[in-house]
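Enquirer: The structure that follows is given in the form of structure tokens.
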Amino acid sequence: MKLSPLALAIALTPGLALAQTSSREDALKLSDTLITANRDVQQRSATTVANTVFTRSDIERLQPTSVLDLLQRAPGVQVTQSGGRGSLSSLFIRGTKTAQNVVLVDGQRVADVSTGGHFLEWLSIDQIERVEILRGPRSTLYGADAIGGVIQIFTRRADANQRSGQLRLGYGSNQTWERSANLALANEDTRFSLNASSSDTQGIDRTTHSSAGADGDHDAYRNQGLSVNFSHRLNQNLSLGFSLLEQRGEVEFDNDFDGASPYQDFQVSSQTIYVDANLSDWWNSRVELGHSENRYKTAYDDNNSSRHNYTYRDSVAWLNTLTLNDRNSVLVGTDWLEDQLHSNNTYSQTSRWNRGLFVQHQFHGDRFSTELGARHDKNQQFGGHSTFSGALSWHLNQNNDVILSYAEGFRAPNFQDIYAPPGWGANPNLQPEESKSYELQWRSQLAQDTRLEISFYRSKINNAIVSDSTFTMQNLDRARVNGFEALLQRRLGEWQGSLGLSLIDPRDADTGHTLNRRARRTLSLDVDRQIGTVSVGAGWQAVSSSYDDVDNTRELSGYGLLALRSSWQASDELQLALKVDNLLDKNYSRAQYSIGWPSTYHNYREEGRSALFTVTWTPSL
């Protein structure tokens with residue numbers, strides 16, 4: 001693992017070798033707990049930020065094709081891809097763009113510093129234990145980029161006292177193969193999990209026009225993944241651990257020039273070492289050291305020309321939770337990040353550091369609760385920047401809460417915006433984007449097995465970084481997003497259902513245009529039933545029309561997708577599963593591409609009806 005001298009120095013400082021109990025590992029298995037919102041374990045009912053949690057049992061029940069497929073089940077989350085599996089994706093949380101959201105893997109940021117992309121399309125669903133989605137700003141705890149929300153992905157973990165292995169094999173449409181293996185060993189104090197996965201597909205022809213070159217072929221995708229998790233409790237108050245995730249592979253894409261068949265090699269990796277201790281009855285302290293990499297190389301096989309961008313990020317976090325009494329707690333922490341970019345394009349700067357100090361106080365009362373947070377970041381390029389947040393929760397009764405909150409956020413320009421080579425539109429005078437968000441939530445336990453959550457929110461973003469008429473990046477735009485979200489979850493006997501609805505109005509405040517590639521209305525419905533050893537389910541996703549361009553001249557039609565799934569637990573160790581996506585073979589598109597000059601625009605083709613059959617063997621060891 002690559003760590004800078006400063007990171008190693010902090011890691012080896014005796015006074016900071018502090019650490020944890022196993023409560024965090026146990027919490028990763030539960031649906032009613034949350035870690036990301038407070039950077040520590042808490043009940044979901046106690047947090048003030050709107051959130052969605054998918055556990056491993058949810059993933060196995062829903063059988064998502066990818067991480068992107070899973071995320072779109074959360075209200076307020078939209079994803080677009082420039083074609084089929086493995087193609088580059090854009091993430092929108094509450095109408096904010098990709099670079100205005102933070103994605104973490106086991107606590108470590110994974111993002112390309114040149115563009116702000118997260119490469120979620122390259123993460124294997126087989127490697128994931130849990131996904132937590134925060135909808136709304138969280139810059140007071142995470143610093144830059146957490147304007148729209150935060151997504152944290154946790155890799156596979158072993159249960160307490162578990163000793164098992166798992167082999168999974170799947171085959172489906174477009175010559176798709178999926179393979180994975182899992183080993184989990186644990187006792188009371190030590191847990192170890194080793195996971196490997198491999199998938200490949202012939203893919204589809206993603207373009208819809210006829211031309212020369214490699215546009216008429218199928219675009220294959222290959223992915224191999226490995227994750228390792230280890231944790232050990234030295235005593236009741238001290239524990240340590242290590243986690244690793246690595247994904248690598250190749251994705252082919254279309255090209256309009258004769259004789260060239262382009263492809264992209266990629267690697268996404270994250271490593272974390274932590275030590276966590278209860279220093280007293282009221283003080284828990286945790287140190288995390290991390291390193292992440294995003295590496296991709298685009299090549300053309302006609303002349304072996306290539307372009308590569310490699311991102312390296314080192315991080316250190318020191319988190320201290322002080323439980324003052326049964327009603328008051330304080331979180332105090334510091335973050336240190338250093339980003340480096342290695343590219344065969346000449347950037348004016350290739351590294352940048354950021355330091356952050358934050359504090360958050362929480363009060364939990366019988367009738368109301370409060371949360372107040374503040375953070376100050378010092379950036380090598382932009383100097384100091386402060387953000388604040390506050391929330392007030394009224395506990396109307398045992399089953400109903402009303403939450404009013406305010407939060408600030410900011411985003412520092414990425415390397416492409418400010419350091420790119422001459423002629424690429426970079427502007428060294430750019431300032432960070434700034435946001436202010438207001439939200440009103442109502443959370444109600446309508447019945448023992450019925451939960452309703454409703455949110456109204458408004459966000460304003462100033463100094464938005466966009467390209468001007470000369471294709472130079474400027475702090476020109478102001479954006480605002482008004483939104484409504486609703487989530488209804490119901491369990492009735494062997495039935496289980498979830499309905500999510502999002503209505504947003506994301507606009508450029510200067511032109512009045514709708515922000516591109518954001519649908520104003522989305523709906524997600526999942527219904528499942530257990531019948532003895534057989535599980536059956538269906539999912540429906542409806543997305544309204546959107547615009548592909550900022551001028552709102554090229555409209556993308558709305559669409560609805562129906563999926564069916566079923567599994568059969570043939571024995572204690574053997575499970576068979578089948579899913580069919582896009583059952584009605586809907587022809588739809590999430591994005592467009594241009595050809596020639598003057599440009600003509602065409603829709604990217606998405607995958608039609610497809611099926612996947614899997615066999616999973618889980619022997620006890």
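Labels used: A, B, ... for chains in the order of the structure tokens, numbers from 1 for residues in each chain, and numbers from 1 for ligands as shown.
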List as a compact mmCIF listing (two decimals) with N, CA, C and O atoms, in the first residue's frame the protein and nucleic acid residues near A:Leu562, meaning an atom at most 6 Å away when only C-alpha atoms are counted, but skip any in the same chain fewer than 4 places from it.
Expert:
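Final output, saved to around26.txt:
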# COMPACT_ATOMS: atom_id res chain seq x y z
N GLY A 539 -39.85 -5.68 -9.99
CA GLY A 539 -39.43 -4.30 -9.81
C GLY A 539 -39.88 -3.46 -10.98
O GLY A 539 -39.87 -3.92 -12.14
N TRP A 540 -40.31 -2.24 -10.69
CA TRP A 540 -40.76 -1.33 -11.74
C TRP A 540 -40.04 0.00 -11.54
O TRP A 540 -40.02 0.56 -10.45
N ASN A 582 -35.83 -5.66 -17.94
CA ASN A 582 -36.49 -5.05 -19.11
C ASN A 582 -37.38 -6.08 -19.80
O ASN A 582 -37.25 -6.34 -21.01
N LEU A 583 -38.26 -6.65 -19.02
CA LEU A 583 -39.11 -7.74 -19.50
C LEU A 583 -39.88 -7.38 -20.76
O LEU A 583 -40.08 -8.21 -21.65
Enquirer: Identify, on the basis of only C-alpha atoms, every residue whose closest approach to A:Leu499 does not exceed 8 Å; exclude the query and any residue fewer than 3 positions from it along the same chain; express the result as a list in words.
Expert: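 Everything that qualifies: Leu487, Leu488, Gln489, Leu523, Ser524, Leu525 and Asp526 of chain A.
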Enquirer: I'd like the contact shell of A:Val466 - 9 Å cut-off, only C-alpha atoms, skipping same-chain residues fewer than 4 positions apart - returned as a ChimeraX atom specification.
Expert: /A:471-477
Enquirer: Just the selected residues (all heavy atoms), exported as a PDB file, in the first residue's frame, please.
Expert:
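Wrote part33.pdb, looks like this:
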ATOM      1  N   PHE A 471     -15.384  27.972 -24.603  1.00  0.00           N
ATOM      2  CA  PHE A 471     -15.048  26.662 -24.041  1.00  0.00           C
ATOM      3  C   PHE A 471     -14.021  26.777 -22.915  1.00  0.00           C
ATOM      4  O   PHE A 471     -13.224  25.869 -22.679  1.00  0.00           O
ATOM      5  CB  PHE A 471     -14.536  25.705 -25.131  1.00  0.00           C
ATOM      6  CG  PHE A 471     -15.515  25.515 -26.250  1.00  0.00           C
ATOM      7  CD1 PHE A 471     -15.347  26.167 -27.466  1.00  0.00           C
ATOM      8  CD2 PHE A 471     -16.627  24.707 -26.081  1.00  0.00           C
ATOM      9  CE1 PHE A 471     -16.263  26.002 -28.495  1.00  0.00           C
ATOM     10  CE2 PHE A 471     -17.551  24.532 -27.098  1.00  0.00           C
ATOM     11  CZ  PHE A 471     -17.366  25.185 -28.304  1.00  0.00           C
ATOM     12  N   THR A 472     -14.047  27.910 -22.193  1.00  0.00           N
ATOM     13  CA  THR A 472     -13.201  28.124 -21.026  1.00  0.00           C
ATOM     14  C   THR A 472     -14.056  28.010 -19.770  1.00  0.00           C
ATOM     15  O   THR A 472     -15.167  28.541 -19.715  1.00  0.00           O
ATOM     16  CB  THR A 472     -12.529  29.508 -21.072  1.00  0.00           C
ATOM     17  OG1 THR A 472     -11.742  29.604 -22.262  1.00  0.00           O
ATOM     18  CG2 THR A 472     -11.633  29.729 -19.860  1.00  0.00           C
ATOM     19  N   MET A 473     -13.558  27.325 -18.748  1.00  0.00           N
ATOM     20  CA  MET A 473     -14.304  27.134 -17.519  1.00  0.00           C
ATOM     21  C   MET A 473     -14.405  28.459 -16.758  1.00  0.00           C
ATOM     22  O   MET A 473     -13.412  29.166 -16.591  1.00  0.00           O
ATOM     23  CB  MET A 473     -13.646  26.075 -16.644  1.00  0.00           C
ATOM     24  CG  MET A 473     -13.397  24.740 -17.346  1.00  0.00           C
ATOM     25  SD  MET A 473     -14.861  24.042 -18.164  1.00  0.00           S
ATOM     26  CE  MET A 473     -15.914  23.694 -16.753  1.00  0.00           C
ATOM     27  N   GLN A 474     -15.634  28.777 -16.301  1.00  0.00           N
ATOM     28  CA  GLN A 474     -15.877  30.022 -15.580  1.00  0.00           C
ATOM     29  C   GLN A 474     -16.840  29.769 -14.426  1.00  0.00           C
ATOM     30  O   GLN A 474     -17.635  28.820 -14.454  1.00  0.00           O
ATOM     31  CB  GLN A 474     -16.496  31.081 -16.510  1.00  0.00           C
ATOM     32  CG  GLN A 474     -15.691  31.419 -17.736  1.00  0.00           C
ATOM     33  CD  GLN A 474     -14.514  32.322 -17.440  1.00  0.00           C
ATOM     34  OE1 GLN A 474     -14.282  32.713 -16.293  1.00  0.00           O
ATOM     35  NE2 GLN A 474     -13.747  32.682 -18.478  1.00  0.00           N
ATOM     36  N   ASN A 475     -16.771  30.648 -13.399  1.00  0.00           N
ATOM     37  CA  ASN A 475     -17.786  30.654 -12.346  1.00  0.00           C
ATOM     38  C   ASN A 475     -18.954  31.514 -12.833  1.00  0.00           C
ATOM     39  O   ASN A 475     -19.106  32.672 -12.446  1.00  0.00           O
ATOM     40  CB  ASN A 475     -17.225  31.240 -11.051  1.00  0.00           C
ATOM     41  CG  ASN A 475     -16.188  30.355 -10.394  1.00  0.00           C
ATOM     42  OD1 ASN A 475     -15.011  30.693 -10.352  1.00  0.00           O
ATOM     43  ND2 ASN A 475     -16.613  29.222  -9.873  1.00  0.00           N
ATOM     44  N   LEU A 476     -19.781  30.958 -13.695  1.00  0.00           N
ATOM     45  CA  LEU A 476     -20.820  31.734 -14.350  1.00  0.00           C
ATOM     46  C   LEU A 476     -22.204  31.502 -13.775  1.00  0.00           C
ATOM     47  O   LEU A 476     -22.957  32.443 -13.547  1.00  0.00           O
ATOM     48  CB  LEU A 476     -20.849  31.416 -15.855  1.00  0.00           C
ATOM     49  CG  LEU A 476     -19.682  31.923 -16.704  1.00  0.00           C
ATOM     50  CD1 LEU A 476     -19.888  31.521 -18.149  1.00  0.00           C
ATOM     51  CD2 LEU A 476     -19.566  33.435 -16.589  1.00  0.00           C
ATOM     52  N   ASP A 477     -22.551  30.262 -13.591  1.00  0.00           N
ATOM     53  CA  ASP A 477     -23.948  29.922 -13.361  1.00  0.00           C
ATOM     54  C   ASP A 477     -24.325  29.903 -11.884  1.00  0.00           C
ATOM     55  O   ASP A 477     -23.497  29.712 -11.000  1.00  0.00           O
ATOM     56  CB  ASP A 477     -24.253  28.551 -13.963  1.00  0.00           C
ATOM     57  CG  ASP A 477     -24.534  28.640 -15.445  1.00  0.00           C
ATOM     58  OD1 ASP A 477     -24.448  29.752 -15.977  1.00  0.00           O
ATOM     59  OD2 ASP A 477     -24.836  27.607 -16.049  1.00  0.00           O
TER      60      ASP A 477
END
Enquirer: Hey, what's within 8 Å of A:Gly483 if we count only C-alpha atoms and toss same-chain stuff fewer than 2 positions away? As a ChimeraX atom specification, please?
Expert: /A:94,455-458,481,485,502-505
Enquirer: Please, what distance in Å, to one decimal, runs between atom CA of A:Thr387 and atom CA of A:Gly356?
Expert: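 Rounded to one decimal, the two atoms are 10.8 Å apart.
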Enquirer: Determine the nearest neighbour of A:Ser114 from the options A:Ala420, A:Ile531, A:Val102, A:Leu584, counting only C-alpha atoms.
Expert: A:Ala420
Enquirer: Do a neighbour search on A:Thr321 at 10 Å with only C-alpha atoms, toss out local chain neighbours closer than 3 positions, and write the hits as a list in words.
Expert: Asn38, Arg39, Asp40, Asn278, Trp282, Trp283, Asn284, Ser285, Arg286, Leu324, Ser329, Val330, Leu331, Val332, Gly333, Val359, Gln360 and His361 of chain A
Enquirer: So how far away is atom CA of A:Thr450 from atom CA of A:Arg327, in Å?
Expert: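 That distance, rounded to one decimal, is 28.0 Å.
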Enquirer: List the spatial neighbours of A:Tyr419 as a PDB file with N, CA, C and O atoms, in the first residue's frame - criterion: any atom at most 7 Å away, only C-alpha atoms, same-chain residues fewer than 3 positions off excluded.
Expert:
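The new file part.pdb reads:
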ATOM      1  N   TYR A 347      -0.420  18.695 -17.124  1.00  0.00           N
ATOM      2  CA  TYR A 347      -1.187  19.558 -16.241  1.00  0.00           C
ATOM      3  C   TYR A 347      -0.235  20.520 -15.533  1.00  0.00           C
ATOM      4  O   TYR A 347       0.894  20.153 -15.190  1.00  0.00           O
ATOM      5  N   SER A 348      -0.701  21.752 -15.264  1.00  0.00           N
ATOM      6  CA  SER A 348       0.161  22.734 -14.607  1.00  0.00           C
ATOM      7  C   SER A 348       0.463  22.367 -13.168  1.00  0.00           C
ATOM      8  O   SER A 348       1.510  22.746 -12.633  1.00  0.00           O
ATOM      9  N   GLN A 349      -0.446  21.655 -12.509  1.00  0.00           N
ATOM     10  CA  GLN A 349      -0.215  21.117 -11.171  1.00  0.00           C
ATOM     11  C   GLN A 349      -0.675  19.667 -11.170  1.00  0.00           C
ATOM     12  O   GLN A 349      -1.692  19.337 -11.779  1.00  0.00           O
ATOM     13  N   PHE A 415      -9.035  18.998 -11.197  1.00  0.00           N
ATOM     14  CA  PHE A 415      -7.801  19.279 -11.922  1.00  0.00           C
ATOM     15  C   PHE A 415      -8.068  19.644 -13.386  1.00  0.00           C
ATOM     16  O   PHE A 415      -7.369  20.455 -13.972  1.00  0.00           O
ATOM     17  N   GLN A 416      -9.098  19.036 -13.968  1.00  0.00           N
ATOM     18  CA  GLN A 416      -9.443  19.345 -15.361  1.00  0.00           C
ATOM     19  C   GLN A 416      -9.897  20.799 -15.495  1.00  0.00           C
ATOM     20  O   GLN A 416      -9.569  21.472 -16.481  1.00  0.00           O
ATOM     21  N   ALA A 426      -8.992  25.238 -19.275  1.00  0.00           N
ATOM     22  CA  ALA A 426      -8.753  25.406 -17.844  1.00  0.00           C
ATOM     23  C   ALA A 426      -8.669  26.889 -17.479  1.00  0.00           C
ATOM     24  O   ALA A 426      -8.255  27.726 -18.287  1.00  0.00           O
ATOM     25  N   PRO A 428      -7.194  29.115 -14.206  1.00  0.00           N
ATOM     26  CA  PRO A 428      -6.529  29.099 -12.899  1.00  0.00           C
ATOM     27  C   PRO A 428      -7.154  30.036 -11.878  1.00  0.00           C
ATOM     28  O   PRO A 428      -6.788  29.998 -10.696  1.00  0.00           O
TER      29      PRO A 428
END
Enquirer: Using only C-alpha atoms, which residue out of A:Leu319, A:Ala158, A:Val113, A:Val105 lies closest to A:Ser231?
Expert: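 Among the listed residues, the smallest separation from A:Ser231 belongs to A:Ala158.
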Enquirer: Of the residues A:Ser567, A:Ser292, A:Thr47, A:Ser369, which is the one nearest to A:Leu612, using only C-alpha atoms?
Expert: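 Among the listed residues, A:Ser567 lies closest to A:Leu612.
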Enquirer: State, in Å with one decimal place, the distance from atom CA of A:Asn187 to atom CA of A:Val275.
Expert: 19.2 Å
Enquirer: Rank A:Asp581, A:Glu439, A:Glu250, A:Asp551 by their smallest atom-to-atom distance to A:Ser66, using only C-alpha atoms, and report the top residue only.
Expert: A:Asp581
Enquirer: Identify all residues of stretch 352-453 of chain A in alpha helix (DSSP H) (DSSP on the backbone) and supply them as a list in words.
Expert: Phe415, Gln416, Asp417 and Ile418 of chain A
Enquirer: Would you save the residues from that selection as a PDB file, in the first residue's frame, using all heavy atoms?
Expert:
ATOM      1  N   PHE A 415      -9.035  18.998 -11.197  1.00  0.00           N
ATOM      2  CA  PHE A 415      -7.801  19.279 -11.922  1.00  0.00           C
ATOM      3  C   PHE A 415      -8.068  19.644 -13.386  1.00  0.00           C
ATOM      4  O   PHE A 415      -7.369  20.455 -13.972  1.00  0.00           O
ATOM      5  CB  PHE A 415      -6.861  18.073 -11.850  1.00  0.00           C
ATOM      6  CG  PHE A 415      -6.155  17.926 -10.532  1.00  0.00           C
ATOM      7  CD1 PHE A 415      -6.811  18.153  -9.333  1.00  0.00           C
ATOM      8  CD2 PHE A 415      -4.824  17.551 -10.479  1.00  0.00           C
ATOM      9  CE1 PHE A 415      -6.169  18.007  -8.115  1.00  0.00           C
ATOM     10  CE2 PHE A 415      -4.162  17.402  -9.262  1.00  0.00           C
ATOM     11  CZ  PHE A 415      -4.844  17.637  -8.073  1.00  0.00           C
ATOM     12  N   GLN A 416      -9.098  19.036 -13.968  1.00  0.00           N
ATOM     13  CA  GLN A 416      -9.443  19.345 -15.361  1.00  0.00           C
ATOM     14  C   GLN A 416      -9.897  20.799 -15.495  1.00  0.00           C
ATOM     15  O   GLN A 416      -9.569  21.472 -16.481  1.00  0.00           O
ATOM     16  CB  GLN A 416     -10.561  18.415 -15.834  1.00  0.00           C
ATOM     17  CG  GLN A 416     -10.880  18.496 -17.308  1.00  0.00           C
ATOM     18  CD  GLN A 416      -9.889  17.739 -18.162  1.00  0.00           C
ATOM     19  OE1 GLN A 416      -9.357  16.728 -17.737  1.00  0.00           O
ATOM     20  NE2 GLN A 416      -9.631  18.252 -19.350  1.00  0.00           N
ATOM     21  N   ASP A 417     -10.636  21.298 -14.502  1.00  0.00           N
ATOM     22  CA  ASP A 417     -11.149  22.664 -14.548  1.00  0.00           C
ATOM     23  C   ASP A 417     -10.042  23.705 -14.460  1.00  0.00           C
ATOM     24  O   ASP A 417     -10.120  24.760 -15.091  1.00  0.00           O
ATOM     25  CB  ASP A 417     -12.121  22.898 -13.385  1.00  0.00           C
ATOM     26  CG  ASP A 417     -13.367  22.051 -13.471  1.00  0.00           C
ATOM     27  OD1 ASP A 417     -13.752  21.675 -14.584  1.00  0.00           O
ATOM     28  OD2 ASP A 417     -13.947  21.746 -12.413  1.00  0.00           O
ATOM     29  N   ILE A 418      -9.005  23.411 -13.666  1.00  0.00           N
ATOM     30  CA  ILE A 418      -8.081  24.478 -13.278  1.00  0.00           C
ATOM     31  C   ILE A 418      -6.630  24.252 -13.702  1.00  0.00           C
ATOM     32  O   ILE A 418      -5.873  25.201 -13.880  1.00  0.00           O
ATOM     33  CB  ILE A 418      -8.182  24.672 -11.746  1.00  0.00           C
ATOM     34  CG1 ILE A 418      -7.622  26.029 -11.324  1.00  0.00           C
ATOM     35  CG2 ILE A 418      -7.513  23.540 -10.985  1.00  0.00           C
ATOM     36  CD1 ILE A 418      -7.964  26.372  -9.892  1.00  0.00           C
TER      37      ILE A 418
END
